[in-house]
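Heads up, my_file-v1.cif below (mmCIF, C-alpha atoms):
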```cif
data_query
loop_
_atom_site.label_atom_id
_atom_site.label_comp_id
_atom_site.auth_asym_id
_atom_site.auth_seq_id
_atom_site.Cartn_x
_atom_site.Cartn_y
_atom_site.Cartn_z
CA MET A 550 0.00 0.00 0.00
CA LYS A 551 1.06 3.56 -0.68
CA THR A 552 -1.21 4.83 2.08
CA ALA A 553 -0.24 5.28 5.72
CA ILE A 554 -2.71 5.76 8.58
CA LEU A 555 -1.95 8.00 11.55
CA VAL A 556 -4.09 7.82 14.69
CA ASP A 557 -3.80 9.54 18.04
CA SER A 558 -2.80 7.23 20.87
CA ALA A 559 -6.27 7.09 22.44
CA CYS A 560 -6.76 4.41 19.77
CA SER A 561 -5.46 0.90 20.37
CA LEU A 562 -4.62 -1.87 17.89
CA PRO A 563 -2.27 -4.88 18.12
CA ALA A 564 1.34 -4.02 17.29
CA THR A 565 1.59 -6.73 14.63
CA PHE A 566 -1.47 -5.34 12.84
CA CYS A 567 -0.05 -1.80 12.90
CA GLU A 568 3.32 -2.91 11.59
CA LYS A 569 1.76 -4.90 8.76
CA TYR A 570 -0.53 -2.10 7.59
CA ASN A 571 1.53 1.04 8.23
CA ILE A 572 -0.50 2.41 11.13
CA SER A 573 1.38 4.78 13.43
CA PHE A 574 0.42 6.62 16.61
CA VAL A 575 0.75 10.30 17.43
CA PRO A 576 1.20 10.32 21.22
CA LEU A 577 -0.88 12.16 23.76
CA ALA A 578 0.62 13.19 27.09
CA TYR A 579 -0.77 12.23 30.48
CA GLY A 580 -0.14 13.59 33.94
CA ILE A 581 -0.18 11.74 37.26
CA ASP A 582 -0.12 13.92 40.37
CA GLY A 583 1.73 16.65 38.47
CA ASP A 584 4.29 14.45 36.71
CA VAL A 585 3.91 14.41 32.91
CA PHE A 586 4.55 11.41 30.66
CA ILE A 587 4.33 10.72 26.91
CA ASP A 588 2.20 7.78 25.83
CA SER A 589 4.50 5.18 24.26
CA SER A 590 1.58 3.37 22.54
CA ASN A 591 3.16 0.12 23.75
CA GLU A 592 0.99 -2.66 25.18
CA ASP A 593 3.56 -3.74 27.78
CA ASP A 594 3.95 -0.17 29.01
CA ALA A 595 0.17 0.24 29.21
CA LEU A 596 -0.18 -2.99 31.19
CA ALA A 597 2.56 -1.95 33.60
CA LEU A 598 0.78 1.37 34.15
CA PHE A 599 -2.59 -0.33 34.69
CA GLU A 600 -1.07 -2.71 37.22
CA SER A 601 0.86 0.00 39.07
CA GLY A 602 -2.20 1.56 40.67
CA SER A 603 -1.17 5.00 39.39
CA LEU A 604 -4.49 5.50 37.59
CA ALA A 605 -6.60 4.86 40.69
CA ARG A 606 -9.20 7.40 41.81
CA LYS A 607 -6.98 8.76 44.60
CA HIS A 608 -4.52 10.10 42.00
CA LYS A 609 -4.96 13.26 39.97
CA VAL A 610 -4.74 12.02 36.39
CA THR A 611 -5.08 14.20 33.29
CA THR A 612 -4.36 14.01 29.57
CA SER A 613 -3.44 16.53 26.89
CA ALA A 614 -3.95 16.15 23.15
CA PRO A 615 -1.04 15.56 20.77
CA SER A 616 0.21 18.94 19.62
CA ALA A 617 -0.07 20.26 16.07
CA LYS A 618 3.72 20.02 15.86
CA LEU A 619 3.62 16.31 16.68
CA PHE A 620 1.05 15.70 13.95
CA GLU A 621 3.15 17.69 11.48
CA LYS A 622 6.28 15.74 12.38
CA ALA A 623 4.48 12.38 12.04
CA ILE A 624 3.06 13.32 8.62
CA LEU A 625 6.42 14.49 7.31
CA LYS A 626 8.04 11.29 8.54
CA LYS A 627 5.55 9.17 6.59
CA ALA A 628 6.09 11.31 3.49
CA ALA A 629 9.87 10.83 3.83
CA GLU A 630 9.29 7.07 4.02
CA GLY A 631 7.69 7.23 0.57
CA PHE A 632 3.98 7.14 1.33
CA GLU A 633 1.93 9.05 -1.21
CA ARG A 634 -1.30 9.20 0.81
CA ILE A 635 -1.43 9.93 4.52
CA ILE A 636 -4.75 9.68 6.35
CA VAL A 637 -4.95 11.07 9.87
CA GLN A 638 -7.84 9.76 11.97
CA THR A 639 -8.59 11.24 15.38
CA VAL A 640 -10.81 10.76 18.40
CA ASN A 641 -14.09 12.60 17.87
CA ARG A 642 -13.79 16.37 17.79
CA THR A 643 -15.90 16.81 20.94
CA GLN A 644 -13.17 15.13 23.01
CA GLY A 645 -10.72 18.01 23.32
CA GLU A 646 -8.23 19.57 20.91
CA THR A 647 -6.96 16.50 19.05
CA TYR A 648 -8.92 17.01 15.83
CA ALA A 649 -8.12 20.73 15.66
CA ASN A 650 -4.41 20.06 16.29
CA ALA A 651 -4.38 17.36 13.60
CA ASN A 652 -5.78 19.82 11.05
CA GLU A 653 -3.26 22.47 12.03
CA GLY A 654 -0.41 19.97 11.79
CA ALA A 655 -1.64 18.72 8.42
CA THR A 656 -1.78 22.26 7.04
CA ALA A 657 1.81 22.90 8.14
CA ALA A 658 2.97 19.58 6.69
CA GLU A 659 1.28 20.28 3.35
CA ALA A 660 3.07 23.63 3.16
CA ALA A 661 6.38 21.82 3.66
CA LEU A 662 5.47 19.24 1.02
CA VAL A 663 4.53 21.68 -1.76
CA GLY A 664 5.66 20.26 -5.10
CA GLN A 665 5.68 16.68 -3.85
CA ASP A 666 3.08 14.11 -4.85
CA VAL A 667 1.71 13.56 -1.33
CA ILE A 668 -1.94 13.79 -0.28
CA VAL A 669 -2.78 14.44 3.37
CA ARG A 670 -6.30 14.10 4.76
CA VAL A 671 -7.65 14.46 8.30
CA MET A 672 -10.75 12.52 9.40
CA ASP A 673 -12.87 12.82 12.53
CA SER A 674 -13.67 9.25 13.62
CA ARG A 675 -16.77 10.49 15.50
CA THR A 676 -15.98 7.88 18.13
CA VAL A 677 -13.46 6.81 20.79
CA PHE A 678 -11.20 3.94 21.88
CA ALA A 679 -12.23 0.63 20.21
CA GLY A 680 -14.30 2.60 17.71
CA GLN A 681 -11.19 4.43 16.52
CA ALA A 682 -9.48 1.09 16.02
CA LEU A 683 -12.41 -0.22 13.98
CA MET A 684 -12.29 2.93 11.84
CA ALA A 685 -8.59 2.45 11.09
CA ALA A 686 -8.87 -1.28 10.43
CA GLU A 687 -11.84 -0.92 8.09
CA THR A 688 -10.12 1.92 6.22
CA ILE A 689 -7.18 -0.41 5.59
CA ARG A 690 -9.50 -3.22 4.44
CA ARG A 691 -11.23 -0.93 1.94
CA MET A 692 -7.95 0.59 0.71
CA LEU A 693 -6.67 -2.91 -0.06
CA LYS A 694 -9.72 -3.47 -2.28
CA SER A 695 -9.70 -0.08 -4.06
CA ASP A 696 -7.15 2.36 -5.47
CA ASP A 697 -9.64 5.23 -5.21
CA GLU A 698 -8.53 6.94 -2.00
CA THR A 699 -11.20 9.62 -2.29
CA LEU A 700 -14.00 7.08 -2.63
CA VAL A 701 -12.72 5.06 0.32
CA ARG A 702 -12.40 8.15 2.48
CA ARG A 703 -15.93 9.28 1.66
CA SER A 704 -17.34 5.84 2.36
CA MET A 705 -15.52 5.77 5.70
CA ASP A 706 -16.86 9.19 6.59
CA LYS A 707 -20.37 7.79 6.17
CA LEU A 708 -19.50 4.60 8.05
CA SER A 709 -18.17 6.60 11.01
CA GLU A 710 -21.77 7.61 11.78
CA LYS A 711 -22.61 3.92 12.29
CA ILE A 712 -19.73 2.90 14.55
CA HIS A 713 -21.21 2.02 17.94
CA THR A 714 -18.57 1.93 20.67
CA TYR A 715 -19.71 0.35 23.92
CA ILE A 716 -17.77 1.12 27.07
CA LEU A 717 -18.18 -0.89 30.27
CA PRO A 718 -16.31 0.86 33.11
CA LYS A 719 -14.91 -1.34 35.86
CA GLU A 720 -14.97 1.62 38.25
CA PRO A 721 -17.81 3.96 37.23
CA LEU A 722 -16.91 6.64 39.79
CA VAL A 723 -13.49 7.00 38.17
CA ALA A 724 -15.09 7.13 34.72
CA LEU A 725 -17.63 9.70 35.94
CA GLU A 726 -15.19 12.08 37.60
CA ARG A 727 -12.69 12.07 34.75
CA ALA A 728 -15.35 12.26 32.05
CA ARG A 729 -16.86 15.32 33.74
CA GLU A 730 -13.52 17.06 33.24
CA ARG A 731 -14.19 16.74 29.48
CA ASN A 732 -17.82 17.85 29.85
CA GLU A 733 -18.97 14.26 29.22
CA LYS A 734 -22.18 13.39 31.09
CA SER A 735 -23.11 9.91 29.90
CA VAL A 736 -22.87 8.51 33.46
CA SER A 737 -24.80 10.15 36.31
CA TRP A 738 -23.72 10.38 39.94
CA THR A 739 -26.63 8.08 40.79
CA GLN A 740 -25.42 5.42 38.36
CA ALA A 741 -21.86 5.71 39.60
CA MET A 742 -22.88 5.44 43.25
CA LEU A 743 -25.11 2.43 42.50
CA ALA A 744 -22.17 0.74 40.81
CA THR A 745 -19.94 1.47 43.79
CA LYS A 746 -22.38 0.46 46.52
CA LEU A 747 -24.47 -2.21 44.79
CA GLY A 748 -22.25 -3.32 41.92
CA ILE A 749 -24.62 -2.10 39.19
CA HIS A 750 -22.55 -1.19 36.15
CA PRO A 751 -23.63 1.19 33.36
CA VAL A 752 -22.97 0.28 29.74
CA ILE A 753 -22.20 3.42 27.74
CA CYS A 754 -22.70 3.72 23.99
CA ASN A 755 -20.76 6.30 21.98
CA VAL A 756 -21.99 6.86 18.43
CA ASN A 757 -21.82 9.81 16.04
CA ASP A 758 -20.23 12.20 18.56
CA ALA A 759 -22.70 11.46 21.35
CA SER A 760 -22.68 9.21 24.43
CA SER A 761 -25.48 7.75 26.51
CA SER A 762 -26.01 4.99 29.05
CA VAL A 763 -27.95 2.13 27.41
CA ALA A 764 -28.08 -0.39 30.26
CA ASN A 765 -27.39 -0.93 33.95
CA VAL A 766 -26.36 -4.44 34.91
CA TRP A 767 -25.61 -5.99 38.29
CA GLY A 768 -22.04 -7.25 38.39
CA PHE A 769 -19.18 -6.48 35.99
CA LYS A 770 -18.89 -10.03 34.64
CA LYS A 771 -22.62 -10.27 34.02
CA ALA A 772 -22.51 -6.90 32.26
CA ALA A 773 -19.59 -8.10 30.14
CA ARG A 774 -21.54 -11.20 29.13
CA GLN A 775 -24.57 -9.11 28.17
CA LEU A 776 -22.38 -6.76 26.15
CA PHE A 777 -20.71 -9.61 24.27
CA GLU A 778 -24.10 -11.25 23.66
CA TYR A 779 -25.53 -7.99 22.36
CA VAL A 780 -22.64 -7.50 19.92
CA GLY A 781 -23.12 -11.12 18.88
CA SER A 782 -26.76 -10.36 18.08
CA CYS A 783 -25.61 -7.40 15.97
CA ILE A 784 -23.37 -9.78 14.02
CA GLU A 785 -26.29 -12.14 13.44
CA GLN A 786 -28.53 -9.34 12.18
CA GLY A 787 -25.83 -7.95 9.88
CA THR A 788 -23.21 -5.25 10.29
CA ARG A 789 -21.90 -2.41 8.12
CA CYS A 790 -18.39 -3.87 8.02
CA PRO A 791 -16.90 -7.31 8.79
CA ILE A 792 -14.80 -6.20 11.77
CA VAL A 793 -15.43 -6.14 15.53
CA VAL A 794 -12.88 -4.64 17.92
CA VAL A 795 -12.47 -5.35 21.63
CA ASN A 796 -10.09 -3.40 23.89
CA TYR A 797 -9.46 -4.41 27.52
CA CYS A 798 -7.70 -2.35 30.18
CA GLY A 799 -5.76 -5.32 31.49
CA PRO A 800 -4.04 -8.57 30.45
CA LEU A 801 -5.58 -10.35 27.46
CA ASP A 802 -5.67 -13.61 29.42
CA GLU A 803 -8.23 -11.92 31.69
CA LEU A 804 -10.23 -10.72 28.69
CA LYS A 805 -10.42 -14.23 27.24
CA LYS A 806 -11.80 -15.55 30.55
CA LEU A 807 -14.62 -13.02 30.74
CA PRO A 808 -18.06 -14.64 30.33
CA GLY A 809 -19.29 -14.40 26.76
CA PHE A 810 -15.99 -13.56 25.07
CA SER A 811 -15.32 -17.02 23.65
CA GLU A 812 -18.92 -17.20 22.38
CA LEU A 813 -18.48 -13.83 20.65
CA ALA A 814 -15.24 -15.05 19.05
CA GLN A 815 -17.01 -18.18 17.81
CA LYS A 816 -19.95 -16.18 16.43
CA ALA A 817 -17.58 -13.82 14.62
CA LYS A 818 -15.83 -16.81 13.07
CA GLN A 819 -19.13 -18.37 11.97
CA HIS A 820 -20.16 -15.16 10.23
CA LYS A 821 -16.70 -14.60 8.69
CA MET A 822 -16.12 -11.48 10.79
CA THR A 823 -12.64 -10.40 11.87
CA LEU A 824 -12.36 -10.06 15.64
CA ILE A 825 -9.49 -7.77 16.65
CA PHE A 826 -8.70 -7.61 20.35
CA SER A 827 -5.90 -5.85 22.18
CA VAL A 828 -4.79 -4.22 25.40
CA ALA A 829 -6.58 -0.88 25.63
CA SER A 830 -4.83 2.47 25.29
CA VAL A 831 -3.58 4.44 28.28
CA ALA A 832 -6.31 7.02 27.60
CA SER A 833 -8.94 4.29 27.87
CA GLY A 834 -7.50 3.18 31.21
CA ILE A 835 -7.57 6.77 32.44
CA TYR A 836 -11.09 7.69 31.34
CA ALA A 837 -12.90 4.34 31.55
CA SER A 838 -10.83 3.00 34.49
CA VAL A 839 -8.46 0.05 34.74
CA GLY A 840 -10.17 -3.28 34.04
CA SER A 841 -12.74 -1.73 31.70
CA LEU A 842 -14.01 -3.00 28.34
CA SER A 843 -14.46 -1.15 25.06
CA VAL A 844 -16.20 -2.95 22.17
CA ALA A 845 -16.94 -1.50 18.74
CA VAL A 846 -19.21 -2.68 15.92
CA ALA A 847 -20.51 -0.82 12.87
CA THR A 848 -24.25 -1.30 12.75
CA ASP A 849 -27.56 0.46 12.32
CA ALA A 850 -29.25 1.65 15.50
CA GLN A 851 -30.55 -1.26 17.58
CA SER A 852 -32.28 -1.44 20.94
CA TRP A 853 -30.40 -2.99 23.80
CA VAL A 854 -32.01 -6.30 24.70
#
```
Kindly present the structure from the file in structure tokens form.
Amino acid sequence: MKTAILVDSACSLPATFCEKYNISFVPLAYGIDGDVFIDSSNEDDALALFESGSLARKHKVTTSAPSAKLFEKAILKKAAEGFERIIVQTVNRTQGETYANANEGATAAEAALVGQDVIVRVMDSRTVFAGQALMAAETIRRMLKSDDETLVRRSMDKLSEKIHTYILPKEPLVALERARERNEKSVSWTQAMLATKLGIHPVICNVNDASSSVANVWGFKKAARQLFEYVGSCIEQGTRCPIVVVNYCGPLDELKKLPGFSELAQKAKQHKMTLIFSVASVASGIYASVGSLSVAVATDAQSWV
């Protein structure tokens, strides 16, 4: 392929997949009790951070979007490597400054590339976390089937409106408090307190730039099973692309043992769907909480059953 994909590091995909299909990350920064770190976009580093306890509620944890300069540098690097088309896909524009910085960086890079046969495009994924990964993976799949970059990009822009990203926080109070810092109100204080005191977990759906709570389930494992079963029902009814993505804020051995995961994997196989699963991004661990799930499927609107 002559196309490279750049994503911000709130997105998470397996390293082998990224290496094979020229997907690179533009890193966000995160702060823990005043100390600032750069996201390495490395699964082992993310796991070590999740296991360290540094993202717990008692710590002051923040993030900042990748700068325009970082986007410019990443684009120019891909151009220097010989890529003729560079597509930048970001977390939805309502989630901070990432999209705006990507556009600013792309404009600066295009100015530096005047006279060269390089096309740079910035896309708003309209989603988060596992949804961003689905967007990138499906873009690659369509690019492999078509040489018409413009057509693929337009089709993906339409598909982005159908990407449903479900987030199941392990610690809803953490998700609530940190989401409120971004003016995100998909989880209420009542829901968060119920989860803490009674173990009732909200399932959040992010689609087309908006988030809402679609279910409240007693027990994290039971909620995980219901989420996997629901996505399985979406597969049975037909999806808009043959890819499902699962991110987990913890070791993948734990993910595979969650109730319903193996059944989802089997259903995806039966329907010739590609199931991509990976350790979640640092941003996911910060905003959804350690131990959380993020699952994405491209589908028409369906009622939670």
Check: Quick one: distance from CA of Ala658 in chain A to CA of Ile635 in chain A in Å, one decimal?
Finding: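 Pair CA of Ala658 in chain A / CA of Ile635 in chain A returns 10.8 Å.
With distances taken over all atoms listed in the file, A:Ala617 is the one residue among A:Ala617, A:Met692, A:Leu717, A:Ala628 lying closest to Tyr648 in chain A.
CA of Ser674 in chain A sits 25.0 Å away from CA of Glu630 in chain A.
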Notebook entry, point to check: From the list A:Phe810, A:Ser830, A:Leu804, A:Ala845, which residue is nearest Ala597 in chain A when using all atoms listed in the file?
Noted result: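 The closest residue to Ala597 in chain A is A:Ser830.
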Item checked: Neighbour list for range 610-614 of chain A as a list of chain:residue names, cut-off 6 Å, only C-alpha atoms, skip fewer than 6 positions in-chain ->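 Close residues of range 610-614 of chain A: A:Leu577, A:Ala578, A:Tyr579, A:Gly580, A:Ile581, A:Glu646, A:Thr647.
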Next item on the list: Check what the PyMOL selection byres ((chain A and resi 634) around 12) selects in the file above and give those residues as a PyMOL selection string.
Entry: chain A and resi 550-555+571+624-625+627-633+635-637+659+665-671+692+696-699+702
Next item on the list: Could you jot down the CA of Gln775 in chain A to CA of Gly834 in chain A separation for me, Å, one decimal place?
Entry: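 Going from CA of Gln775 in chain A over to CA of Gly834 in chain A covers 21.3 Å.
Distance annotation: of A:Ser590, A:Gln851, A:Ala837, A:Ala559, the residue with the minimal separation from Gly645 in chain A is A:Ala559; atom set is all atoms listed in the file.
What the PyMOL selection byres ((chain A and resi 826) around 6) picks from this file is A:Val794, A:Val795, A:Asn796, A:Ile825, A:Ser827.
If you apply the PyMOL selection byres ((chain A and resi 813) around 9) to this structure, you end up with A:Phe777, A:Glu778, A:Val780, A:Gly781, A:Gly809, A:Phe810, A:Ser811, A:Glu812, A:Ala814, A:Gln815, A:Lys816, A:Ala817, A:Lys818, A:Leu824.
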Write a file of the just-selected residues containing C-alpha atoms, as a PDB file, in the coordinates of the input.
```pdb
ATOM      1  CA  PHE A 777     -20.710  -9.610  24.270  1.00  0.00           C
ATOM      2  CA  GLU A 778     -24.100 -11.250  23.660  1.00  0.00           C
ATOM      3  CA  VAL A 780     -22.640  -7.500  19.920  1.00  0.00           C
ATOM      4  CA  GLY A 781     -23.120 -11.120  18.880  1.00  0.00           C
ATOM      5  CA  GLY A 809     -19.290 -14.400  26.760  1.00  0.00           C
ATOM      6  CA  PHE A 810     -15.990 -13.560  25.070  1.00  0.00           C
ATOM      7  CA  SER A 811     -15.320 -17.020  23.650  1.00  0.00           C
ATOM      8  CA  GLU A 812     -18.920 -17.200  22.380  1.00  0.00           C
ATOM      9  CA  ALA A 814     -15.240 -15.050  19.050  1.00  0.00           C
ATOM     10  CA  GLN A 815     -17.010 -18.180  17.810  1.00  0.00           C
ATOM     11  CA  LYS A 816     -19.950 -16.180  16.430  1.00  0.00           C
ATOM     12  CA  ALA A 817     -17.580 -13.820  14.620  1.00  0.00           C
ATOM     13  CA  LYS A 818     -15.830 -16.810  13.070  1.00  0.00           C
ATOM     14  CA  LEU A 824     -12.360 -10.060  15.640  1.00  0.00           C
TER      15      LEU A 824
END
```
Check: Closest to Pro751 in chain A among A:Arg774, A:Lys707, A:Lys719, A:Arg727, using all atoms listed in the file?
Finding: A:Lys719
Next item on the list: Find the residue from A:Val756, A:Ile689, A:Tyr797, A:Arg606 that sits nearest to Val831 in chain A; use all atoms listed in the file when measuring.
Entry: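 Result for the nearest residue to Val831 in chain A: A:Tyr797.
Near Gln786 in chain A, within a cut-off of 12 Å and counting only C-alpha atoms, sit the residues Tyr779, Val780, Gly781, Ser782, Cys783, Ile784, Thr788, Arg789, Lys816, His820, Ala847, Thr848, Asp849, Ala850 and Gln851 of chain A, with same-chain residues fewer than 2 positions away left out.
Nearest to Leu722 in chain A of all the residues A:Val844, A:Ala605, A:Ala649, A:Leu700 is A:Ala605, counting only C-alpha atoms.
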Notebook entry, point to check: What's the 12 Å shell around Glu600 in chain A, counting all atoms listed in the file, without same-chain residues fewer than 2 positions away, as an NGL selection string?
Noted result: :A and (593-598 or 602-605 or 798-800 or 831 or 834 or 838-840)
